[in-house]
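> Just so it is clear, I am handing over model21.json, which has JSON, C-alpha atoms.
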```
[["chain", "number", "residue", "atom", "x", "y", "z"],
["A", 1, "MET", "CA", -3.49, 13.76, 16.57],
["A", 2, "SER", "CA", -1.13, 11.31, 14.88],
["A", 3, "LYS", "CA", 1.23, 12.33, 12.08],
["A", 4, "SER", "CA", -0.56, 10.06, 9.61],
["A", 5, "THR", "CA", -3.89, 11.68, 10.52],
["A", 6, "ARG", "CA", -2.45, 15.17, 10.03],
["A", 7, "ASP", "CA", -0.97, 14.13, 6.67],
["A", 8, "SER", "CA", -4.32, 12.73, 5.51],
["A", 9, "GLU", "CA", -6.18, 15.87, 6.54],
["A", 10, "THR", "CA", -3.65, 18.10, 4.80],
["A", 11, "THR", "CA", -3.84, 16.02, 1.63],
["A", 12, "ALA", "CA", -7.64, 16.09, 1.64],
["A", 13, "ALA", "CA", -7.68, 19.85, 2.15],
["A", 14, "ASP", "CA", -5.16, 20.42, -0.67],
["A", 15, "ALA", "CA", -6.69, 17.95, -3.13],
["A", 16, "PRO", "CA", -7.21, 19.52, -6.59],
["A", 17, "PRO", "CA", -10.78, 19.78, -7.91],
["A", 18, "ALA", "CA", -12.07, 16.70, -9.71],
["A", 19, "GLY", "CA", -11.55, 16.93, -13.45],
["A", 20, "SER", "CA", -9.12, 19.84, -13.19],
["A", 21, "THR", "CA", -5.83, 19.92, -15.07],
["A", 22, "GLN", "CA", -3.95, 19.45, -11.81],
["A", 23, "GLU", "CA", -6.10, 16.43, -10.95],
["A", 24, "ARG", "CA", -5.50, 14.85, -14.35],
["A", 25, "LEU", "CA", -1.76, 15.35, -14.00],
["A", 26, "VAL", "CA", -1.65, 13.68, -10.58],
["A", 27, "THR", "CA", -3.91, 10.80, -11.62],
["A", 28, "SER", "CA", -1.95, 10.18, -14.81],
["A", 29, "THR", "CA", 1.30, 10.19, -12.88],
["A", 30, "GLN", "CA", -0.09, 7.69, -10.39],
["A", 31, "GLU", "CA", -0.97, 5.35, -13.24],
["A", 32, "LEU", "CA", 2.36, 5.72, -15.01],
["A", 33, "LEU", "CA", 4.46, 5.28, -11.87],
["A", 34, "TRP", "CA", 2.71, 1.97, -11.23],
["A", 35, "GLU", "CA", 3.11, 0.86, -14.84],
["A", 36, "ARG", "CA", 6.65, 2.09, -15.56],
["A", 37, "GLY", "CA", 8.27, 3.24, -12.34],
["A", 38, "TYR", "CA", 9.77, 6.66, -11.71],
["A", 39, "VAL", "CA", 12.72, 6.40, -14.10],
["A", 40, "GLY", "CA", 10.50, 5.09, -16.90],
["A", 41, "THR", "CA", 7.91, 7.86, -16.48],
["A", 42, "SER", "CA", 8.86, 10.87, -18.56],
["A", 43, "PRO", "CA", 7.22, 14.31, -18.40],
["A", 44, "LYS", "CA", 6.18, 13.79, -22.04],
["A", 45, "ALA", "CA", 4.37, 10.55, -21.15],
["A", 46, "ILE", "CA", 2.59, 12.28, -18.26],
["A", 47, "LEU", "CA", 1.45, 15.15, -20.50],
["A", 48, "GLU", "CA", 0.20, 12.73, -23.16],
["A", 49, "ARG", "CA", -1.67, 10.59, -20.63],
["A", 50, "ALA", "CA", -3.24, 13.66, -18.99],
["A", 51, "GLY", "CA", -4.02, 15.31, -22.30],
["A", 52, "VAL", "CA", -2.51, 18.66, -21.32],
["A", 53, "GLY", "CA", 0.25, 20.94, -22.57],
["A", 54, "GLN", "CA", 3.71, 21.39, -21.07],
["A", 55, "GLY", "CA", 2.85, 24.82, -19.75],
["A", 56, "SER", "CA", 0.00, 23.37, -17.69],
["A", 57, "MET", "CA", 2.33, 20.96, -15.91],
["A", 58, "TYR", "CA", 4.85, 23.59, -14.91],
["A", 59, "HIS", "CA", 2.09, 25.96, -13.88],
["A", 60, "HIS", "CA", 1.05, 23.54, -11.13],
["A", 61, "PHE", "CA", 4.31, 21.72, -10.31],
["A", 62, "ALA", "CA", 7.98, 22.69, -10.23],
["A", 63, "GLY", "CA", 8.89, 19.60, -12.24],
["A", 64, "LYS", "CA", 8.66, 15.82, -12.49],
["A", 65, "SER", "CA", 9.87, 15.24, -8.93],
["A", 66, "ALA", "CA", 7.24, 17.52, -7.40],
["A", 67, "LEU", "CA", 4.48, 15.95, -9.46],
["A", 68, "ALA", "CA", 5.70, 12.44, -8.61],
["A", 69, "LEU", "CA", 5.69, 13.33, -4.92],
["A", 70, "ALA", "CA", 2.06, 14.47, -5.13],
["A", 71, "ALA", "CA", 1.15, 11.26, -6.97],
["A", 72, "ILE", "CA", 2.98, 8.99, -4.51],
["A", 73, "ARG", "CA", 1.35, 10.72, -1.55],
["A", 74, "ARG", "CA", -2.07, 10.37, -3.17],
["A", 75, "THR", "CA", -1.50, 6.66, -3.76],
["A", 76, "ALA", "CA", -0.20, 6.12, -0.22],
["A", 77, "ASP", "CA", -3.15, 7.98, 1.32],
["A", 78, "GLY", "CA", -5.65, 5.90, -0.65],
["A", 79, "MET", "CA", -3.98, 2.62, 0.24],
["A", 80, "ARG", "CA", -3.75, 3.60, 3.90],
["A", 81, "ALA", "CA", -7.46, 4.45, 4.03],
["A", 82, "SER", "CA", -8.38, 1.17, 2.33],
["A", 83, "ALA", "CA", -6.23, -0.93, 4.66],
["A", 84, "ASP", "CA", -7.49, 0.90, 7.74],
["A", 85, "GLU", "CA", -11.10, 0.24, 6.75],
["A", 86, "ILE", "CA", -10.40, -3.49, 6.77],
["A", 87, "LEU", "CA", -8.27, -3.50, 9.93],
["A", 88, "SER", "CA", -10.82, -1.39, 11.82],
["A", 89, "ALA", "CA", -13.79, -3.60, 10.92],
["A", 90, "PRO", "CA", -15.59, -5.71, 13.55],
["A", 91, "GLY", "CA", -14.19, -9.14, 14.31],
["A", 92, "THR", "CA", -11.36, -10.86, 16.08],
["A", 93, "ALA", "CA", -7.76, -9.86, 15.53],
["A", 94, "TYR", "CA", -7.23, -12.96, 13.40],
["A", 95, "ASP", "CA", -10.32, -12.18, 11.32],
["A", 96, "ARG", "CA", -9.17, -8.63, 10.61],
["A", 97, "VAL", "CA", -5.60, -9.55, 9.71],
["A", 98, "ALA", "CA", -6.87, -12.43, 7.59],
["A", 99, "ALA", "CA", -9.27, -10.08, 5.80],
["A", 100, "TYR", "CA", -6.36, -7.76, 5.03],
["A", 101, "LEU", "CA", -4.21, -10.61, 3.71],
["A", 102, "LEU", "CA", -7.05, -12.12, 1.67],
["A", 103, "ARG", "CA", -8.34, -8.90, 0.13],
["A", 104, "GLU", "CA", -8.47, -8.77, -3.65],
["A", 105, "ARG", "CA", -5.25, -7.51, -5.22],
["A", 106, "GLN", "CA", -3.83, -7.13, -8.71],
["A", 107, "VAL", "CA", -1.04, -9.48, -7.74],
["A", 108, "LEU", "CA", 0.74, -9.63, -11.08],
["A", 109, "ARG", "CA", 0.90, -5.82, -11.27],
["A", 110, "GLY", "CA", 2.50, -5.63, -7.85],
["A", 111, "CYS", "CA", 2.07, -2.98, -5.18],
["A", 112, "PRO", "CA", 2.17, 0.62, -6.46],
["A", 113, "ILE", "CA", 3.99, 1.76, -3.32],
["A", 114, "GLY", "CA", 6.30, -1.26, -3.19],
["A", 115, "ARG", "CA", 7.03, -0.63, -6.87],
["A", 116, "MET", "CA", 8.55, 2.73, -5.97],
["A", 117, "THR", "CA", 11.10, 1.15, -3.62],
["A", 118, "GLN", "CA", 12.64, -0.56, -6.65],
["A", 119, "ASP", "CA", 13.48, 2.79, -8.23],
["A", 120, "ARG", "CA", 16.99, 3.90, -7.30],
["A", 121, "ASP", "CA", 16.16, 7.55, -7.98],
["A", 122, "VAL", "CA", 13.25, 7.35, -5.53],
["A", 123, "VAL", "CA", 15.02, 5.66, -2.62],
["A", 124, "GLN", "CA", 17.99, 8.00, -2.95],
["A", 125, "ASP", "CA", 15.72, 11.06, -2.75],
["A", 126, "PRO", "CA", 14.66, 11.59, 0.91],
["A", 127, "GLU", "CA", 11.57, 13.56, -0.11],
["A", 128, "LEU", "CA", 10.28, 10.92, -2.53],
["A", 129, "ARG", "CA", 11.18, 8.06, -0.20],
["A", 130, "ALA", "CA", 9.45, 9.60, 2.84],
["A", 131, "PRO", "CA", 5.83, 8.70, 1.89],
["A", 132, "LEU", "CA", 6.91, 5.11, 1.18],
["A", 133, "ASP", "CA", 8.52, 4.77, 4.60],
["A", 134, "GLU", "CA", 5.54, 6.47, 6.25],
["A", 135, "MET", "CA", 3.06, 4.15, 4.53],
["A", 136, "PHE", "CA", 4.85, 0.93, 5.47],
["A", 137, "GLY", "CA", 5.60, 2.23, 8.96],
["A", 138, "TRP", "CA", 1.93, 3.05, 9.46],
["A", 139, "LEU", "CA", 0.88, -0.38, 8.17],
["A", 140, "ARG", "CA", 3.19, -2.24, 10.54],
["A", 141, "GLN", "CA", 2.03, -0.13, 13.48],
["A", 142, "ARG", "CA", -1.67, -0.55, 12.65],
["A", 143, "ILE", "CA", -1.40, -4.34, 12.32],
["A", 144, "ALA", "CA", 0.58, -4.48, 15.57],
["A", 145, "GLU", "CA", -2.23, -2.54, 17.27],
["A", 146, "VAL", "CA", -4.78, -5.07, 16.03],
["A", 147, "LEU", "CA", -2.67, -7.97, 17.29],
["A", 148, "THR", "CA", -2.09, -6.31, 20.66],
["A", 149, "GLU", "CA", -5.83, -5.80, 21.01],
["A", 150, "GLY", "CA", -6.33, -9.49, 20.25],
["A", 151, "GLN", "CA", -3.90, -10.42, 23.01],
["A", 152, "ARG", "CA", -5.77, -8.24, 25.50],
["A", 153, "ARG", "CA", -9.01, -10.01, 24.56],
["A", 154, "GLY", "CA", -7.42, -13.43, 24.97],
["A", 155, "GLU", "CA", -7.73, -14.20, 21.26],
["A", 156, "LEU", "CA", -3.99, -14.56, 20.68],
["A", 157, "ALA", "CA", -1.17, -16.17, 22.63],
["A", 158, "ALA", "CA", 0.68, -13.87, 25.01],
["A", 159, "ALA", "CA", 3.99, -15.08, 23.55],
["A", 160, "LEU", "CA", 3.16, -13.58, 20.14],
["A", 161, "ASP", "CA", 5.28, -10.50, 19.34],
["A", 162, "PRO", "CA", 2.83, -8.02, 17.71],
["A", 163, "SER", "CA", 5.52, -5.82, 16.16],
["A", 164, "ALA", "CA", 7.51, -8.70, 14.68],
["A", 165, "THR", "CA", 4.35, -10.39, 13.42],
["A", 166, "ALA", "CA", 3.11, -7.15, 11.85],
["A", 167, "ALA", "CA", 6.43, -6.81, 10.04],
["A", 168, "SER", "CA", 6.03, -10.40, 8.83],
["A", 169, "VAL", "CA", 2.57, -9.62, 7.45],
["A", 170, "ALA", "CA", 3.91, -6.66, 5.47],
["A", 171, "ALA", "CA", 6.92, -8.66, 4.30],
["A", 172, "VAL", "CA", 4.82, -11.63, 3.13],
["A", 173, "VAL", "CA", 2.58, -9.38, 1.06],
["A", 174, "GLN", "CA", 5.44, -7.46, -0.54],
["A", 175, "GLY", "CA", 7.55, -10.58, -1.04],
["A", 176, "GLY", "CA", 4.53, -12.42, -2.39],
["A", 177, "TYR", "CA", 4.17, -9.80, -5.09],
["A", 178, "VAL", "CA", 7.78, -10.35, -6.14],
["A", 179, "LEU", "CA", 7.40, -14.13, -6.27],
["A", 180, "ALA", "CA", 4.16, -13.90, -8.25],
["A", 181, "ARG", "CA", 5.58, -11.42, -10.76],
["A", 182, "ALA", "CA", 8.68, -13.57, -11.26],
["A", 183, "ALA", "CA", 6.51, -16.62, -11.93],
["A", 184, "GLU", "CA", 3.82, -14.70, -13.87],
["A", 185, "ASP", "CA", 1.41, -16.59, -11.64],
["A", 186, "PRO", "CA", -0.41, -15.50, -8.44],
["A", 187, "ALA", "CA", 0.04, -18.98, -6.92],
["A", 188, "PRO", "CA", 3.25, -18.13, -4.99],
["A", 189, "PHE", "CA", 1.54, -15.08, -3.48],
["A", 190, "ASP", "CA", -1.44, -17.21, -2.41],
["A", 191, "ALA", "CA", 0.86, -19.86, -0.94],
["A", 192, "ALA", "CA", 2.78, -17.27, 1.09],
["A", 193, "VAL", "CA", -0.45, -15.81, 2.48],
["A", 194, "GLN", "CA", -1.85, -19.24, 3.37],
["A", 195, "GLY", "CA", 1.40, -20.16, 5.09],
["A", 196, "LEU", "CA", 1.35, -17.02, 7.23],
["A", 197, "LEU", "CA", -2.31, -17.52, 8.11],
["A", 198, "ALA", "CA", -1.56, -21.06, 9.26],
["A", 199, "LEU", "CA", 1.21, -19.77, 11.53],
["A", 200, "LEU", "CA", -1.05, -17.04, 12.90],
["A", 201, "ALA", "CA", -3.89, -19.51, 13.43],
["A", 202, "ALA", "CA", -1.59, -21.61, 15.59],
["A", 203, "GLN", "CA", -1.31, -18.61, 17.94],
["A", 204, "SER", "CA", -5.06, -17.93, 17.90],
["A", 205, "THR", "CA", -7.93, -19.30, 19.98],
["A", 206, "THR", "CA", -10.53, -18.13, 17.47],
["A", 207, "ALA", "CA", -9.14, -18.80, 13.99],
["A", 208, "PRO", "CA", -11.23, -20.66, 11.40],
["A", 209, "ALA", "CA", -9.70, -22.48, 8.44],
["A", 210, "PRO", "CA", -8.04, -19.92, 6.09],
["A", 211, "ALA", "CA", -9.92, -19.02, 2.91],
["A", 212, "PRO", "CA", -8.16, -18.79, -0.45],
["A", 213, "ALA", "CA", -6.44, -15.51, -1.29],
["A", 214, "ARG", "CA", -7.90, -13.44, -4.10],
["A", 215, "GLY", "CA", -5.56, -12.15, -6.76],
["A", 216, "ASN", "CA", -7.34, -9.89, -9.24],
["A", 217, "GLY", "CA", -8.58, -6.87, -7.32],
["A", 218, "PRO", "CA", -7.59, -3.22, -6.92],
["A", 219, "ALA", "CA", -4.27, -1.77, -5.81],
["A", 220, "ALA", "CA", -3.36, -2.74, -2.28],
["A", 221, "PRO", "CA", -0.28, -2.76, -0.04]]
```
Let me see the file written as structure tokens.

Amino acid sequence: MSKSTRDSETTAADAPPAGSTQERLVTSTQELLWERGYVGTSPKAILERAGVGQGSMYHHFAGKSALALAAIRRTADGMRASADEILSAPGTAYDRVAAYLLRERQVLRGCPIGRMTQDRDVVQDPELRAPLDEMFGWLRQRIAEVLTEGQRRGELAAALDPSATAASVAAVVQGGYVLARAAEDPAPFDAAVQGLLALLAAQSTTAPAPAPARGNGPAAP
């Protein structure tokens, strides 16, 4: 059993009941971390968003850091499951990677996991940084597996480096978010995705013409 599988099972087993105070605290923290980042998310804001008292928070969590860790792990687990569903779907390697790149995203809000890497307090805390590293590490590995499978099937050129290409996919998505947010326009994100798909298509024996990227969907890495 892989580490990511064990983590997912542990998280599922420990998930608080729907509608419980603990659940509202974690969900509210997820929302606020995406909106404001770790430094900008105060315990007071979390309590107000969750609609609970201070005593309830400290009954379930040791403090802001512990609650943030639970929220980050929840977000990472959800994003991992969503990406894996796309990357595990039927189709060629190009089709599956293209589907991942072209999935609907809230481009101008950015990536909720990538957002955390911009917080100095998060990246300097090994415990808070760990789920970010695990998520992006898993994503690169999973995409590399898809590309390697495509090579075995003769869908992709043997000269393609699956690991380097997988890293490029992750980097284009995360960098695309930055460019789009700076411009207040999803066009740079779409252009980056289309450019990468064109490069990948040149290494593929099965690739169709790339479809436009979609920029107004749910959270996605």
> How would you write as a short mmCIF file (atom, residue, chain, number, x, y, z; two decimals) with C-alpha atoms, in the frame of the given file the residues that get within 6 Å of (-3.5, 15.7, -9.0) in the file's frame, counting all atoms listed in the file?

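The resulting file, out-v4.cif, is reproduced below:
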```cif
data_model
loop_
_atom_site.label_atom_id
_atom_site.label_comp_id
_atom_site.auth_asym_id
_atom_site.auth_seq_id
_atom_site.Cartn_x
_atom_site.Cartn_y
_atom_site.Cartn_z
CA PRO A 16 -7.21 19.52 -6.59
CA GLN A 22 -3.95 19.45 -11.81
CA GLU A 23 -6.10 16.43 -10.95
CA ARG A 24 -5.50 14.85 -14.35
CA LEU A 25 -1.76 15.35 -14.00
CA VAL A 26 -1.65 13.68 -10.58
CA THR A 27 -3.91 10.80 -11.62
#
```
> Using only C-alpha atoms, pick whichever of A:Arg120, A:Ser20, A:Pro131, A:Ala187 has the shortest atom-to-atom distance to Val52 of chain A.
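Looking only at the distances to Val52 of chain A, the closest residue turns out to be A:Ser20.
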> For Asp185 of chain A, which residue among A:Arg153, A:Arg115, A:Arg96, A:Arg109 is the nearest when counting all atoms listed in the file?
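That would be A:Arg109, the residue with the smallest distance to Asp185 of chain A.
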> From the list A:Thr29, A:Thr21, A:Gln106, A:Thr92, which residue is nearest Leu69 of chain A when using only C-alpha atoms?
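Result for the nearest residue to Leu69 of chain A: A:Thr29.
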> Rounded to one decimal in Å, what is the spacing between atom CA of Arg129 of chain A and atom CA of Met116 of chain A?
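Separation of atom CA of Arg129 of chain A and atom CA of Met116 of chain A: 8.3 Å.
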> As lines of an AutoDock Vina configuration file, please report the centre and edge lengths, rounded to one decimal in Å, of the axis-aligned box that holds all listed atoms of segment 55-69 of chain A with 3 Å of padding on each of the six sides.

```
center_x = 4.9
center_y = 19.2
center_z = -12.3
size_x = 15.9
size_y = 19.5
size_z = 20.8
```
